[in-house]
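Asker: Structure below; questions to follow.
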Number of protein chains: 2
Amino acid sequence: MGHQATITGTTRLFVIIGDPIEQVRSPQVFNPLLTGAGRDAVLVPVHVRPGGLAAVIQGFRAMDNLDGIVVTVPHKMAVAHLIDDIGPTGRLVGGVNAVRREPDGRLVGDMFDGQGFLIGLRRAGHDPKGRRALLVGAGGAGSAVGFALAGAGVERLTIVDVDAAKADGLASAVAAAHPQVRVDRGPAVPDGHDLVINATPLGMRPDDPLPLDPARLTPGILVADIIMKPAVTPLLHAAAAQGCIVHPGKAMLDSQVEAIAGFFGIPMP
Amino acid sequence: MGHQATITGTTRLFVIIGDPIEQVRSPQVFNPLLTGAGRDAVLVPVHVRPGGLAAVIQGFRAMDNLDGIVVTVPHKMAVAHLIDDIGPTGRLVGGVNAVRREPDGRLVGDMFDGQGFLIGLRRAGHDPKGRRALLVGAGGAGSAVGFALAGAGVERLTIVDVDAAKADGLASAVAAAHPQVRVDRGPAVPDGHDLVINATPLGMRPDDPLPLDPARLTPGILVADIIMKPAVTPLLHAAAAQGCIVHPGKAMLDSQVEAIAGFFGIPMP
């Protein structure tokens, strides 16, 4: 028996879209919330490759009992171009990780990654204020984390991405939004930083290369990953071996759920 | 707690599409079958209006973890034009009520109304082989039943419809597909038949006229109805009073589930 209410013809739908999809935790997290709130609704995973994203979003528009979409890798940026309106954080970041269907049928999205990351970090006792942060990955999640860290008062933010234009774009945008923060681009080398964040997908697959060379990590650096599965990524494992403090991706997820549930109008227990 | 397994990122999807959708029973019927078979899959309702059907089917094509679609009113005919291949019965009838995604991604549909009727009839101990059948109603369901009866080896099939062209068309098509069966058109008079099927909607509403004159029914004739609600139609009631054996519409629904489950590769308990 499952952790969701019995599905019938009246059941409303939420979905999570991603590629890959197998590792997502949203069904296990949101379905008990929906059931607990007495909502006749269910969240199901939808595997969508980038080439199919536009067709899937068009299809969702015509599914009248669909109420919301959780968006994960690699669709956060692309979905932002396929919906009707974007909230303030999502507009800043240029991506969304949750989309809600308004009563008039419009799809409105916003980005809760950054907020989730921050809440999770603070809940674990790590205030990013005054820290020198190295952010590896300037995609959807990386952008959200970058804006959130700048907003939380890091002293310095160094942005890395294999796509130089992406790193440039994010650095300029964060600097413009937060002129008090020193924003740089740089190599994936932790020297001079005390907070390192992996916001790339590297580490989800067993044969992925590490996002940075762990030999350059020194004891006391806080190393955070946004990957949720595996819970301890090869980077976190290597960082712990170097004497670093590690902060797993699950903390971000847990904190983000609360923000997204609020956006969807699902009361928390 | 629900009658379906816990949904996770690995869960495969089945959907039922219809307009309206609230009344469908497929989620309650298929989810226990999926759970019972140990399949990590769930069937959810999708409300699609006719104007959104093409977009939804295109969206389904790009949902890589979607394995099958149950199709109900009013989409059976329209879906047949939006998929890649149609099985023999669906092609004959011109509609589908189940669509499966093949390993290569192609959407293949077929119509199981007729097969469901047949299985239900046999399960009740009534083999149509060698019978002389009078089929009243040559619409979508009537067509499916007509082809199924001919395929099951009735000796004779007489087709009746208030729309003469419809009856002609179905009679010609069934005769062409099953040359060994004597296919006629005729009045709604049971003389010379030992199996009578109502495949019209007459009997769903309390003030409907009967589809044929029950005074012409004689003891021992098997009278079947495809109407599911009411369970005992006025025709079946009158037929029983005449000493006929009666076969209600619900048997067709129950048996159809088995046929569709087989098409989807879901083992029955």
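Identifiers in this document derive from the order of the structure tokens: chains are assigned A, B, ..., residues are numbered from 1 separately in each chain, and ligands are numbered from 1 in order of occurrence.
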Please extract the residues of segment 25-222 of chain B with a backbone DSSP assignment of alpha helix (DSSP H) and present them as a VMD selection string.
Answerer: chain B and resid 26 to 36 53 to 61 76 to 80 88 to 93 113 to 123 140 to 151 164 to 177
Asker: Once the least-squares fit of chain A onto chain B is done over all Cα atoms matched in order, how many Å of RMSD are left?
Answerer: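 Here the C-alpha RMSD works out to 2.4 Å.
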Asker: Give me the residues within 6 Å of segment 122-130 of chain A as a PyMOL selection string, counting only C-alpha atoms and dropping any in the same chain fewer than 6 places off.
Answerer: chain A and resi 152-155
Asker: Please determine the contact residues of chain A with respect to chain B at a cut-off of 7 Å, counting only C-alpha atoms, and supply them as a PyMOL selection string.
Answerer: chain A and resi 1-11+21-25+27-28+44-48+52+55-56+58-60+62-65
Asker: Tell me which protein, DNA and RNA residues are within 10 Å of Ile197 of chain B, counting only C-alpha atoms, leaving out same-chain ones fewer than 2 positions away, and put them as a PyMOL selection string.
Answerer: chain B and resi 133-137+142+145-146+159+195+199-200+211+222-226+246-247
Asker: Within 6 Å of Val108 of chain B, counting only C-alpha atoms, which residues qualify if same-chain residues fewer than 5 places away don't, as a ChimeraX atom specification?
Answerer: /B:84-86,99-100
Asker: Identify, on the basis of only C-alpha atoms, every residue whose closest approach to Arg182 of chain A does not exceed 8 Å; exclude the query and any residue fewer than 6 positions from it along the same chain; express the result as a VMD selection string.
Answerer: chain A and resid 155 to 157 175
Asker: Find the distance between atom CA of Ala37 of chain B and atom CA of Met268 of chain B and write it in Å to one decimal.
Answerer: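 These two atoms are separated by 7.3 Å.
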Asker: What's the 9 Å shell around Phe117 of chain A, counting only C-alpha atoms, without same-chain residues fewer than 6 positions away, as a PyMOL selection string?
Answerer: chain A and resi 144-145+148-149+226+249+251-253+255-256
Asker: Store the residues picked out above, limited to C-alpha atoms, as a PDB file, in the first residue's frame.
Answerer:
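As a result, part_3.pdb now contains:
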```
ATOM      1  CA  ALA A 144      19.686  30.208  -7.870  1.00  0.00           C
ATOM      2  CA  VAL A 145      22.351  29.353  -5.301  1.00  0.00           C
ATOM      3  CA  ALA A 148      20.856  33.394  -2.790  1.00  0.00           C
ATOM      4  CA  LEU A 149      24.430  33.439  -1.468  1.00  0.00           C
ATOM      5  CA  ILE A 226      23.211  20.044  -4.330  1.00  0.00           C
ATOM      6  CA  GLY A 249      22.077  17.984  -1.104  1.00  0.00           C
ATOM      7  CA  ALA A 251      19.208  19.506   3.217  1.00  0.00           C
ATOM      8  CA  MET A 252      18.377  21.752   0.265  1.00  0.00           C
ATOM      9  CA  LEU A 253      15.589  19.459  -0.867  1.00  0.00           C
ATOM     10  CA  SER A 255      13.993  23.018   2.945  1.00  0.00           C
ATOM     11  CA  GLN A 256      12.830  23.622  -0.576  1.00  0.00           C
TER      12      GLN A 256
END
```
Asker: Point out the residue among A:Gly186, A:Pro103, A:Gly220, A:Pro88 with the least atom-to-atom distance to Gly68 of chain A, counting only C-alpha atoms.
Answerer: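 When distances to Gly68 of chain A are compared using only C-alpha atoms, the smallest one comes from A:Pro103.
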Asker: Hey, can you check how far atom CA of Pro74 of chain B sits from atom CA of Leu82 of chain A?
Answerer: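 Taking atom CA of Pro74 of chain B and atom CA of Leu82 of chain A, their separation equals 28.9 Å.
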